[in-house]
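As provided, structure-v3.cif (mmCIF, C-alpha atoms) reads as follows.
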data_my_file
loop_
_atom_site.label_atom_id
_atom_site.label_comp_id
_atom_site.auth_asym_id
_atom_site.auth_seq_id
_atom_site.Cartn_x
_atom_site.Cartn_y
_atom_site.Cartn_z
CA MET A 24 -26.89 19.78 9.30
CA ARG A 25 -23.27 18.75 8.71
CA LEU A 26 -22.36 15.17 9.72
CA PHE A 27 -19.33 12.90 9.78
CA ILE A 28 -18.41 9.52 11.25
CA ALA A 29 -15.12 9.25 13.13
CA LEU A 30 -12.96 6.97 15.19
CA GLU A 31 -12.43 8.80 18.47
CA ILE A 32 -8.87 9.25 19.68
CA PRO A 33 -8.53 7.43 23.04
CA PRO A 34 -7.81 9.67 26.07
CA VAL A 35 -4.19 8.56 26.61
CA LEU A 36 -3.30 9.29 22.97
CA ARG A 37 -5.32 12.52 23.00
CA ASP A 38 -3.29 13.70 26.02
CA ASP A 39 0.00 12.85 24.27
CA MET A 40 -1.18 14.65 21.15
CA ALA A 41 -2.00 17.73 23.25
CA ILE A 42 1.57 17.74 24.60
CA MET A 43 2.93 17.44 21.05
CA SER A 44 0.60 20.22 19.93
CA ARG A 45 1.85 22.55 22.68
CA GLN A 46 5.43 21.88 21.56
CA LEU A 47 4.54 22.60 17.93
CA ARG A 48 2.68 25.78 18.90
CA GLU A 49 6.00 27.22 20.08
CA ARG A 50 7.30 27.03 16.48
CA ILE A 51 4.20 27.26 14.32
CA GLN A 52 1.54 29.95 14.02
CA GLY A 53 -1.98 28.77 13.34
CA ARG A 54 -5.34 27.85 14.81
CA PHE A 55 -4.62 24.75 16.88
CA ILE A 56 -7.43 22.25 17.37
CA PRO A 57 -8.64 21.68 20.95
CA PRO A 58 -7.72 18.14 22.14
CA GLU A 59 -11.39 17.23 22.67
CA ASN A 60 -11.87 17.64 18.90
CA TYR A 61 -9.12 15.19 17.83
CA HIS A 62 -10.53 12.33 15.76
CA ILE A 63 -9.93 10.24 12.62
CA THR A 64 -12.66 10.85 10.05
CA LEU A 65 -13.87 7.55 8.59
CA ALA A 66 -16.56 9.08 6.37
CA PHE A 67 -17.53 12.71 5.81
CA ILE A 68 -21.24 12.98 5.05
CA GLY A 69 -21.42 16.78 4.94
CA GLU A 70 -24.66 18.73 4.67
CA THR A 71 -27.66 16.43 4.94
CA LEU A 72 -31.20 16.31 6.28
CA GLU A 73 -31.95 15.38 9.89
CA MET A 74 -33.86 12.33 8.65
CA SER A 75 -30.48 10.85 7.62
CA ILE A 76 -29.40 10.44 11.25
CA PRO A 77 -31.27 7.14 11.94
CA LEU A 78 -29.94 5.73 8.66
CA ALA A 79 -26.37 6.78 9.54
CA ILE A 80 -26.77 5.10 12.94
CA ASP A 81 -27.98 1.91 11.25
CA ALA A 82 -25.00 2.11 8.88
CA ILE A 83 -22.59 2.41 11.84
CA ASP A 84 -24.22 -0.53 13.62
CA GLU A 85 -24.03 -2.64 10.48
CA ALA A 86 -20.38 -1.77 9.78
CA THR A 87 -19.17 -2.29 13.36
CA LYS A 88 -20.90 -5.57 14.28
CA ASN A 89 -17.63 -7.36 15.08
CA LEU A 90 -15.43 -4.36 15.71
CA ASP A 91 -12.42 -4.89 17.94
CA GLY A 92 -10.29 -2.05 19.26
CA ILE A 93 -7.97 -0.62 16.63
CA LEU A 94 -4.32 0.10 17.36
CA LEU A 95 -3.31 3.63 16.37
CA LYS A 96 0.41 4.21 15.85
CA PRO A 97 1.33 7.85 15.16
CA ASP A 98 4.10 7.90 12.57
CA GLN A 99 4.32 11.26 10.78
CA LEU A 100 3.37 14.90 10.58
CA GLY A 101 1.92 16.07 7.31
CA LYS A 102 0.11 18.96 5.73
CA PHE A 103 -2.64 19.69 3.29
CA GLY A 104 -2.29 22.93 1.37
CA ARG A 105 0.51 25.44 1.09
CA SER A 106 3.12 25.89 3.85
CA GLU A 107 1.95 29.45 4.50
CA ASP A 108 -1.70 28.36 4.97
CA ALA A 109 -1.72 24.64 5.77
CA THR A 110 -3.79 22.10 7.61
CA LEU A 111 -1.29 20.32 9.85
CA TRP A 112 -2.06 16.70 10.75
CA LEU A 113 -0.71 13.72 12.65
CA GLY A 114 -0.68 10.60 10.50
CA PHE A 115 -0.99 7.00 11.64
CA THR A 116 0.79 3.88 10.38
CA GLU A 117 -1.21 2.06 7.74
CA ASN A 118 -3.34 -0.48 9.54
CA PRO A 119 -5.50 -3.07 7.71
CA GLU A 120 -8.13 -3.04 10.49
CA LEU A 121 -8.47 0.75 10.35
CA SER A 122 -8.65 0.80 6.55
CA ALA A 123 -11.23 -2.00 6.62
CA LEU A 124 -13.31 -0.10 9.19
CA ALA A 125 -13.38 3.00 6.99
CA ALA A 126 -14.31 0.86 3.97
CA HIS A 127 -17.10 -0.93 5.89
CA ILE A 128 -18.52 2.37 7.16
CA ARG A 129 -18.55 3.80 3.63
CA GLU A 130 -20.08 0.64 2.11
CA SER A 131 -22.76 0.65 4.77
CA LEU A 132 -23.55 4.33 4.17
CA TYR A 133 -23.88 3.56 0.46
CA ASP A 134 -26.19 0.61 1.21
CA TYR A 135 -28.41 2.89 3.31
CA GLY A 136 -28.51 5.51 0.56
CA ILE A 137 -26.47 8.14 2.38
CA VAL A 138 -24.26 10.32 0.19
CA TYR A 139 -20.72 10.89 1.52
CA ASP A 140 -17.42 12.31 0.33
CA HIS A 141 -15.56 9.68 -1.71
CA LYS A 142 -12.05 11.06 -1.14
CA PRO A 143 -9.63 8.21 -0.39
CA PHE A 144 -9.28 7.38 3.29
CA ARG A 145 -6.09 8.65 4.94
CA ALA A 146 -5.67 7.91 8.65
CA HIS A 147 -4.89 11.28 10.22
CA ALA A 148 -6.01 13.65 12.95
CA THR A 149 -5.94 17.39 12.33
CA ILE A 150 -3.69 19.29 14.74
CA ALA A 151 -3.93 22.85 13.34
CA ARG A 152 -5.59 24.86 10.59
CA ARG A 153 -4.34 28.02 8.87
CA ALA A 154 -0.84 27.01 9.97
CA LYS A 155 2.23 28.89 8.80
CA LEU A 156 4.92 26.23 8.63
CA PRO A 157 8.59 27.22 8.94
CA LYS A 158 11.06 26.30 6.22
CA GLY A 159 13.23 23.29 6.98
CA ALA A 160 12.83 20.58 9.56
CA LEU A 161 11.03 21.10 12.85
CA HIS A 162 13.16 20.64 15.95
CA PRO A 163 12.62 17.36 17.83
CA PHE A 164 9.39 17.02 19.76
CA SER A 165 7.63 14.29 21.70
CA PHE A 166 5.80 11.90 19.39
CA PRO A 167 2.71 10.22 20.91
CA ASP A 168 2.86 6.55 21.88
CA PRO A 169 0.51 4.04 20.19
CA ALA A 170 -2.90 3.42 21.78
CA ARG A 171 -6.00 1.37 21.06
CA ALA A 172 -9.18 3.17 19.92
CA TRP A 173 -12.60 1.79 20.82
CA ARG A 174 -15.29 4.28 19.82
CA VAL A 175 -16.92 5.06 16.45
CA THR A 176 -19.09 8.17 16.64
CA LEU A 177 -21.55 10.03 14.44
CA PHE A 178 -20.83 13.73 14.91
CA LYS A 179 -22.74 16.86 14.03
CA SER A 180 -20.31 19.63 13.08
CA THR A 181 -21.21 23.30 13.48
CA LEU A 182 -18.92 25.86 11.83
CA SER A 183 -18.33 29.35 13.24
CA SER A 184 -15.66 32.04 13.07
CA GLU A 185 -14.08 30.36 16.12
CA GLY A 186 -13.73 27.06 14.24
CA ALA A 187 -15.79 23.86 14.28
CA SER A 188 -17.63 22.49 17.29
CA TYR A 189 -18.68 18.86 17.41
CA GLU A 190 -21.67 17.20 19.03
CA ALA A 191 -21.72 13.42 19.40
CA LEU A 192 -25.08 12.12 18.16
CA TYR A 193 -24.37 8.39 18.50
CA THR A 194 -21.43 6.27 19.65
CA LYS A 195 -20.72 2.59 19.14
CA GLU A 196 -18.05 1.03 21.33
CA ALA A 197 -15.90 -1.81 20.08
CA LEU A 198 -15.95 -5.23 21.64
CA LEU A 199 -13.64 -5.21 24.63
CA PRO A 200 -11.07 -8.02 24.85
CA LYS A 201 -11.88 -10.81 27.30
#
How does the structure come out when it is put into structure tokens?
Amino acid sequence: MRLFIALEIPPVLRDDMAIMSRQLRERIQGRFIPPENYHITLAFIGETLEMSIPLAIDAIDEATKNLDGILLKPDQLGKFGRSEDATLWLGFTENPELSALAAHIRESLYDYGIVYDHKPFRAHATIARRAKLPKGALHPFSFPDPARAWRVTLFKSTLSSEGASYEALYTKEALLPK
């Protein structure tokens, strides 16, 4: 089974991202991600055995003991890959709390003996895959407003010709402000 740990995009930001995505879809060809699949990957575990799930849950609990909500401020569009076959993403302003959360999750996974992808953390949410980006600047579009994220989730990812589908296996909510 294929697993990853992510910070869920809060509903208000997810809705704004969906509006932005619809605007981009008018100018860009590609396979746009359904809004319910928007997330920020904190650690990609990849293919692993089912017996890793309880350890990954323990790792999440350990890493999020004193987790507060994390402010997400969208600040850029970016791409991975070539412009004619790109992964288009929405990036977020560098945030020490978000970077620390990703680091704590990864350290905790390591402590529990779970292998994960060691690529450097980059706070982004994928908007589209297989995108064909036009040359030059994109016309103005609505950029999402900042919002606070509260949920860290262990997801199972299933790949198909339609794209990936995600199943939440465990969610830890941040401490709510008093």
- Message: I'd like the interatomic distance between CA of Ile76 (chain A) and CA of Ala126 (chain A), to a tenth of an Å.
- Response: 19.3 Å
Just the residues within 8 Å of Ala109 (chain A), please, counting all atoms listed in the file, with nothing from its chain fewer than 6 positions along; format it as a PDB file with C-alpha atoms, keeping the file's coordinate frame.
ATOM      1  CA  LYS A 102       0.110  18.960   5.730  1.00  0.00           C
ATOM      2  CA  PHE A 103      -2.640  19.690   3.290  1.00  0.00           C
ATOM      3  CA  ARG A 152      -5.590  24.860  10.590  1.00  0.00           C
ATOM      4  CA  ARG A 153      -4.340  28.020   8.870  1.00  0.00           C
ATOM      5  CA  ALA A 154      -0.840  27.010   9.970  1.00  0.00           C
ATOM      6  CA  LYS A 155       2.230  28.890   8.800  1.00  0.00           C
ATOM      7  CA  LEU A 156       4.920  26.230   8.630  1.00  0.00           C
TER       8      LEU A 156
END
- Message: Env of Phe55 (chain A): 10 Å cut, atoms = only C-alpha atoms, seq-sep filter 3 positions within chain, self excluded. Answer as an MDAnalysis selection string.
- Response: chainID A and resid 41 44:45 47:48 51:52 58 110:111 149:154 186
- Name the residues that the PyMOL selection byres ((chain A and resi 127-141) around 7) picks from the file above, as a count of residues only, using the file's chain letters and numbers. 16
- Message: What's around Lys179 (chain A) at 7 Å? Count only C-alpha atoms, leave out sequence neighbours fewer than 4 positions away in its own chain, and write the answer as a count of residues only.
- Response: 8
- In Å, rounded to a single decimal, give me how far CA of Ala197 (chain A) is from CA of Ala172 (chain A).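 Spanning CA of Ala172 (chain A) to CA of Ala197 (chain A) is a straight-line distance of 8.4 Å.
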- In Å, rounded to a single decimal, give me how far CA of Asp39 (chain A) is from CA of Glu117 (chain A).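 These atoms are spaced 19.8 Å apart.
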- Which is closest to Met40 (chain A) among A:Leu121, A:Leu182, A:Leu177, A:Leu100, if we use all atoms listed in the file?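 Selected residue with least distance to Met40 (chain A): A:Leu100.
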- Query: Counting all atoms listed in the file, which of A:Trp173, A:Tyr193, A:Phe144, A:Trp112 gets nearest to Ile32 (chain A)?
  - Reply: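 Of the candidates, the smallest distance to Ile32 (chain A) is held by A:Trp173.
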- Task: Give as a list in words each residue that has an atom at most 8 Å from (-13.6, -0.1, 19.4) in the file, counting all atoms listed in the file.
- Result: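 Nearby residues: Leu90, Asp91, Gly92, Ile93, Arg171, Ala172, Trp173, Arg174, Val175, Lys195, Glu196, Ala197, Leu198 and Leu199 of chain A.
Minimum atom-to-atom distances from A:Arg54, A:Ile80, A:Ile28, A:Pro157 to Ser184 (chain A) were compared using all atoms listed in the file, and the lowest value belongs to A:Arg54.
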